[in-house]
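Notes to accompany the following structure.
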Amino acid sequence: MSKELTSRAEDYSQWYNDLVIKGGLADYSAVRGCMVIKPYGFALWENMRDQLDKMFKDTGHQNAYFPLFVPKSLFEAEEKNAEGFAKECAIVTHYRLKNDPEKPGKLMVDPEAKLEEELIIRPTSEAIIWNTYKGWIQSYRDLPLLINQWANVVRWEMRTRLFLRTAEFLWQEGHTAHATKEEAVEETKKMLDVYAEFAEEWMAVPVIKGIKTANERFAGAEDTYCIEALMQDGKALQAGTSHFLGQNFAKAFDVKFSDKNNTLDYVWATSWGVSTRLIGALIMAHSDDQGLIMPPKIAPLQVVIVPIYKGEDSKAVIDEKANILLAELKALGVRVKYDNNDNSRPGWKFAEHELKGVPVRIAMGLRDIENKVVELARRDTKEKSSVSIDGLSAYVVNLLAEIQQNIFNRALAFRNERITNADSWDEFVKLLDEKGGFIAAHWDGTPETEDKIKEQTKATIRCIPLNNTQEAGACILSGKPSTQRVLFARAY
RNA sequence: CGGGAUGUAGCGUAGCCCGGUUAUCGCGCCUGGUUUGGGACCAGGAGGUCGCAAGUUCGAAUCUUGCCAUCCCGACCA
């Protein structure tokens with residue numbers, strides 16, 4: 001990373017915004033804070049989505065779809081949830097336009113077409129889903145209910161940032177109902193594990209699993225579990241959350257079930273979600289000054305073959321060899337493209353594919369074919385080597401796995417290097433300003449102290465890691481006794 | 001919603017302070033040719049309501065007012 005890119009979030013934003021436009025990942029739309037995801041970016045999202053979807057189904061979940069519009073009366077049913085989202089809702093109040101009598105050719109909202117009840121555009125779907133679950137759950141035999149939805153949501157944030165906080169974003173939200181508290185808590189933790197596995201195994205982004213403090217908890221949840229990742233500029237990013245909702249939503253929407261003894265009780269709930277913010281995490285965790293670096297397992301394109309020729313005759317020879325290799329790689333399930341576009345030169349193609357983060361590039365010229373080799377370049381290390389054509393496709397498959405592992409190891413080393421203990425306030429502030437990353441420090445457990453620390457340093461408690469070591473200490477700010485360190489960081 | 005800045009071709013910009021011919025330059029785009037082992041070169045060409053509206057003026061990208069949008073700082077944000 002360049003110095004100027006690591007210093008401020010805005011520089012980062014500008015940087016990948018450029019990449020995105022050049023690389024074809026996304027673009028701003030006309031609407032403030034929304035994004036257009038271009039085909040290459042969407043292919044990445046589809047790969048991520050497909051893998052997550054598989055993992056959800058492997059853990060017994062089914063997909064369903066619920067409406068975009070939430071009537072206000074439903075929305076306000078769970079008070080804490082409604083209050084938490086009230087300040088960032090888009091609201092539909094009318095259903096018709098008409099010609100403006102004052103301005104010919106212009107339209108105006110028809111005041112006659114005002115809705116009886118306003119419709120909230122979902123910022124999250126708990127309300128409408130729990131209102132629906134009421135009709136689906138009567139008996140313990142209906143439980144557990146394990147549903148996931150792929151959808152878009154809208155949150156009218158005052159300030160937006162491409163990928164990390166857009167006004168409209170794509171996500172999945174799981175909403176489950178259980179007969180017992182224990183089972184719901186288990187589900188909450190299980191889905192957190194799924195997220196962590198996805199982040200580490202597929203995105204090659206190391207994460208810390210933990211639990212949020214009361215201040216940072218989801219509105220309406222009893223407990224919020226999270227995975228926290230570290231970006232290359234030293235700021236933390238919440239990459240996914242899984243909530244234990246207790247019986248809050250069941251009570252708000254009157255969802256009861258009869259158990260085996262025919263006694264009525266409210267069901268226990270969880271919800272969990274990850275969004276297109278993960279694309280932001282991927283970009284900011286791995287990319288370098290040459291552009292994106294895609295982990296092979298989810299890269300839209302894993303291998304690109306670039307022919308290097310002079311004239312039609314040599315092109316025909318290379319085409320033949322390249323197509324054989326192309327077919328071999330495809331047969332092995334590799335996402336590969338033969339970039340024989342005659343309009344751009346090899347140098348341009350090299351730069352373009354590096355910008356897009358394609359993990360492996362194979363260059364084939366007459367010189368190579370004579371020697372029965374290709375030039376093979378890997379994106380993560382930028383190393384180039386000459387590799388024999390014999391057994392090349394198997395070699396490439398292994399290399400892709402190696403690159404995946406290397407990217408993860410690199411990010412893990414970077415992250416681990418930036419988890420630092422702080423035992424005094426001065427040390428804490430100095431670390432935040434000079435080193436960044438996660439700072440493990442004692443905290444007295446009160447929201448007041450957490451707020452003061454945030455006010456003075458902009459650092460928040462990212463999480464209390466699961467299986468945290470217990471040790472006696474004194475709060476970094478108040479000096480009051482503490483039983484464990486928590487992880488602080490400046491965050492997106 | 002408060003403070004600051006910006007808005008000129010698809011993208012990035014000069015010009016604005018101090019009003020005056022046909023709005024500058026680069027990238028990209030189109031046509032033809034030569035090229036092709038790290039973002040090619042030559043020649044020709046297309047593309048503009050200067051954010052929108054009103055005002056001042058013989059004349060406005062330039063001055064004034066209002067509005068809109070975007071970015072940054074705050075507030076806000078699992």
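In the structure tokens, each chain is lettered A, B, ... as it comes, each chain's residues begin at 1, and ligands are numbered from 1 in order of appearance.
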Exercise for the section: Enumerate, as an NGL selection string, the complete set of residues in stretch 272-476 of chain A that a backbone-based DSSP assignment places in strand (DSSP E). Expected result: :A and (272-275 or 303-308 or 336-338 or 360-365 or 373-378 or 384-388 or 419-421 or 438-442 or 460-465 or 470-474)
Exercise for the section: For chain B, work out the contacting residues on chain A at 7 Å, counting only C-alpha atoms (C1' of nucleotides), and write them as an MDAnalysis selection string. Expected result: chainID A and resid 157:158 216:218 308:310 345:348 350:351
Atoms kept (C-alpha atoms) for selection, written as a PDB file, in the first residue's frame:
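And here's again.pdb as it stands now:
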```
ATOM      1  CA  GLU A 157     -27.539   6.947   6.336  1.00  0.00           C
ATOM      2  CA  MET A 158     -26.376  10.531   6.655  1.00  0.00           C
ATOM      3  CA  GLU A 216     -22.939  -1.915  19.889  1.00  0.00           C
ATOM      4  CA  ARG A 217     -25.702  -4.512  20.080  1.00  0.00           C
ATOM      5  CA  PHE A 218     -28.348  -4.877  17.363  1.00  0.00           C
ATOM      6  CA  ILE A 308       1.537 -13.127 -27.829  1.00  0.00           C
ATOM      7  CA  TYR A 309       1.802 -13.206 -31.577  1.00  0.00           C
ATOM      8  CA  LYS A 310       3.058 -11.393 -34.640  1.00  0.00           C
ATOM      9  CA  ARG A 345      -1.923  -5.418 -26.929  1.00  0.00           C
ATOM     10  CA  PRO A 346      -0.402  -7.884 -24.443  1.00  0.00           C
ATOM     11  CA  GLY A 347       0.960  -5.169 -22.141  1.00  0.00           C
ATOM     12  CA  TRP A 348      -2.458  -3.620 -21.873  1.00  0.00           C
ATOM     13  CA  PHE A 350      -1.425  -7.738 -18.393  1.00  0.00           C
ATOM     14  CA  ALA A 351      -2.153  -4.461 -16.633  1.00  0.00           C
TER      15      ALA A 351
END
```
Practice task
Mind listing the alpha helix (DSSP H) residues of stretch 388-475 of chain A, per DSSP on the backbone, as a ChimeraX atom specification?
Solution key: /A:392-417,425-434,447-457
Those selected residues, please, written with C-alpha atoms and delivered as a PDB file, in the first residue's frame.
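Printed below is out25.pdb as written:
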```
ATOM      1  CA  LEU A 392       0.396 -27.499 -16.795  1.00  0.00           C
ATOM      2  CA  SER A 393      -3.302 -27.707 -15.924  1.00  0.00           C
ATOM      3  CA  ALA A 394      -2.652 -29.800 -12.812  1.00  0.00           C
ATOM      4  CA  TYR A 395       0.133 -27.405 -11.874  1.00  0.00           C
ATOM      5  CA  VAL A 396      -2.261 -24.460 -12.182  1.00  0.00           C
ATOM      6  CA  VAL A 397      -4.891 -26.107  -9.994  1.00  0.00           C
ATOM      7  CA  ASN A 398      -2.295 -26.596  -7.260  1.00  0.00           C
ATOM      8  CA  LEU A 399      -1.033 -23.077  -7.702  1.00  0.00           C
ATOM      9  CA  LEU A 400      -4.516 -21.642  -7.229  1.00  0.00           C
ATOM     10  CA  ALA A 401      -4.767 -23.438  -3.892  1.00  0.00           C
ATOM     11  CA  GLU A 402      -1.332 -22.175  -2.933  1.00  0.00           C
ATOM     12  CA  ILE A 403      -2.265 -18.593  -3.793  1.00  0.00           C
ATOM     13  CA  GLN A 404      -5.443 -18.860  -1.738  1.00  0.00           C
ATOM     14  CA  GLN A 405      -3.403 -20.009   1.250  1.00  0.00           C
ATOM     15  CA  ASN A 406      -0.702 -17.401   0.706  1.00  0.00           C
ATOM     16  CA  ILE A 407      -3.171 -14.525   0.593  1.00  0.00           C
ATOM     17  CA  PHE A 408      -4.765 -15.731   3.811  1.00  0.00           C
ATOM     18  CA  ASN A 409      -1.415 -16.224   5.569  1.00  0.00           C
ATOM     19  CA  ARG A 410      -0.320 -12.761   4.553  1.00  0.00           C
ATOM     20  CA  ALA A 411      -3.498 -11.149   5.854  1.00  0.00           C
ATOM     21  CA  LEU A 412      -3.305 -13.244   9.034  1.00  0.00           C
ATOM     22  CA  ALA A 413       0.281 -12.185   9.723  1.00  0.00           C
ATOM     23  CA  PHE A 414      -0.683  -8.562   9.105  1.00  0.00           C
ATOM     24  CA  ARG A 415      -3.659  -8.837  11.469  1.00  0.00           C
ATOM     25  CA  ASN A 416      -1.806 -10.708  14.230  1.00  0.00           C
ATOM     26  CA  GLU A 417       1.014  -8.167  14.118  1.00  0.00           C
ATOM     27  CA  TRP A 425      -4.181   5.333  28.780  1.00  0.00           C
ATOM     28  CA  ASP A 426      -1.148   7.019  27.194  1.00  0.00           C
ATOM     29  CA  GLU A 427      -0.054   3.767  25.648  1.00  0.00           C
ATOM     30  CA  PHE A 428      -3.602   3.172  24.389  1.00  0.00           C
ATOM     31  CA  VAL A 429      -3.846   6.558  22.667  1.00  0.00           C
ATOM     32  CA  LYS A 430      -0.360   6.275  21.218  1.00  0.00           C
ATOM     33  CA  LEU A 431      -1.083   2.840  19.756  1.00  0.00           C
ATOM     34  CA  LEU A 432      -4.310   4.061  18.211  1.00  0.00           C
ATOM     35  CA  ASP A 433      -2.631   7.022  16.558  1.00  0.00           C
ATOM     36  CA  GLU A 434       0.610   5.419  15.485  1.00  0.00           C
ATOM     37  CA  PRO A 447     -21.425   1.794  28.744  1.00  0.00           C
ATOM     38  CA  GLU A 448     -20.435   5.189  30.209  1.00  0.00           C
ATOM     39  CA  THR A 449     -16.720   4.394  30.067  1.00  0.00           C
ATOM     40  CA  GLU A 450     -17.097   2.949  26.586  1.00  0.00           C
ATOM     41  CA  ASP A 451     -18.765   6.183  25.455  1.00  0.00           C
ATOM     42  CA  LYS A 452     -16.050   8.333  26.991  1.00  0.00           C
ATOM     43  CA  ILE A 453     -13.336   6.338  25.273  1.00  0.00           C
ATOM     44  CA  LYS A 454     -15.164   6.666  21.964  1.00  0.00           C
ATOM     45  CA  GLU A 455     -15.594  10.381  22.473  1.00  0.00           C
ATOM     46  CA  GLN A 456     -11.920  10.955  23.239  1.00  0.00           C
ATOM     47  CA  THR A 457     -10.310   8.595  20.730  1.00  0.00           C
TER      48      THR A 457
END
```
Problem - Contacts of stretch 466-476 of chain A at 7 Å (only C-alpha atoms (C1' of nucleotides); same-chain gap of 6+ positions) as a list in words - result: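 Residues meeting the cut-off are Lys209, Gly210, Ile211, Asp423, Ser424, Trp425, Ala441, His442, Trp443, Asp444, Ser482, Thr483 and Gln484 of chain A.
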Next, dump the selected residues to file, keeping only N, CA and C atoms, as a compact mmCIF listing (two decimals), in the first residue's frame.
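Below is the file out27.txt, written as the result:
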```txt
# COMPACT_ATOMS: atom_id res chain seq x y z
N LYS A 209 -13.82 -13.77 16.09
CA LYS A 209 -15.20 -13.99 16.51
C LYS A 209 -15.37 -13.43 17.92
N GLY A 210 -16.46 -12.73 18.12
CA GLY A 210 -16.66 -12.16 19.45
C GLY A 210 -18.10 -11.77 19.69
N ILE A 211 -18.30 -11.14 20.83
CA ILE A 211 -19.64 -10.70 21.20
C ILE A 211 -19.60 -9.19 21.42
N ASP A 423 -1.69 -1.13 28.44
CA ASP A 423 -1.93 -1.19 29.88
C ASP A 423 -2.03 0.18 30.54
N SER A 424 -1.87 1.22 29.73
CA SER A 424 -2.09 2.56 30.29
C SER A 424 -2.81 3.40 29.24
N TRP A 425 -3.42 4.48 29.70
CA TRP A 425 -4.18 5.33 28.78
C TRP A 425 -3.27 5.93 27.71
N ALA A 441 -7.34 -4.25 25.71
CA ALA A 441 -7.18 -3.46 26.94
C ALA A 441 -8.30 -3.77 27.92
N HIS A 442 -8.04 -3.51 29.16
CA HIS A 442 -9.06 -3.72 30.18
C HIS A 442 -10.08 -2.59 30.17
N TRP A 443 -11.31 -2.99 30.49
CA TRP A 443 -12.45 -2.04 30.45
C TRP A 443 -13.35 -2.40 31.62
N ASP A 444 -13.91 -1.38 32.26
CA ASP A 444 -14.66 -1.64 33.49
C ASP A 444 -16.07 -2.20 33.25
N SER A 482 -11.22 -5.03 36.33
CA SER A 482 -11.73 -5.69 35.13
C SER A 482 -11.24 -7.14 35.14
N THR A 483 -12.02 -8.02 34.51
CA THR A 483 -11.65 -9.43 34.53
C THR A 483 -11.07 -9.92 33.22
N GLN A 484 -11.17 -9.08 32.16
CA GLN A 484 -10.66 -9.53 30.87
C GLN A 484 -10.38 -8.33 29.96
```
Exercise for the section: Between atom CA of A:Arg277 and atom CA of A:Tyr40, measure the distance and give it in Å to one decimal. Expected result: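 These atoms are spaced 16.1 Å apart.
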Can you tell me which residues surround stretch 50-67 of chain B at a distance of at most 7 Å, considering only C-alpha atoms (C1' of nucleotides), apart from same-chain residues fewer than 3 positions away, and format the answer as a PDB file with C-alpha atoms (C1' of nucleotides), in the first residue's frame?
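Contents of the output file result28.pdb:
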```
ATOM      1  C1'   G B   7     -19.765  21.310 -10.083  1.00  0.00           C
ATOM      2  C1'   U B   8     -16.835  22.814 -17.619  1.00  0.00           C
ATOM      3  C1'   C B  16     -13.360  32.384 -13.308  1.00  0.00           C
ATOM      4  C1'   G B  19     -16.951  39.621 -18.316  1.00  0.00           C
TER       5        G B  19
END
```
Problem - All residues 10 Å or closer to A:Thr176, only C-alpha atoms (C1' of nucleotides), same chain fewer than 2 positions away omitted, as a ChimeraX atom specification - result: /A:61,129-130,133,143-148,173-174,178,184,187-188,244-245,267-272
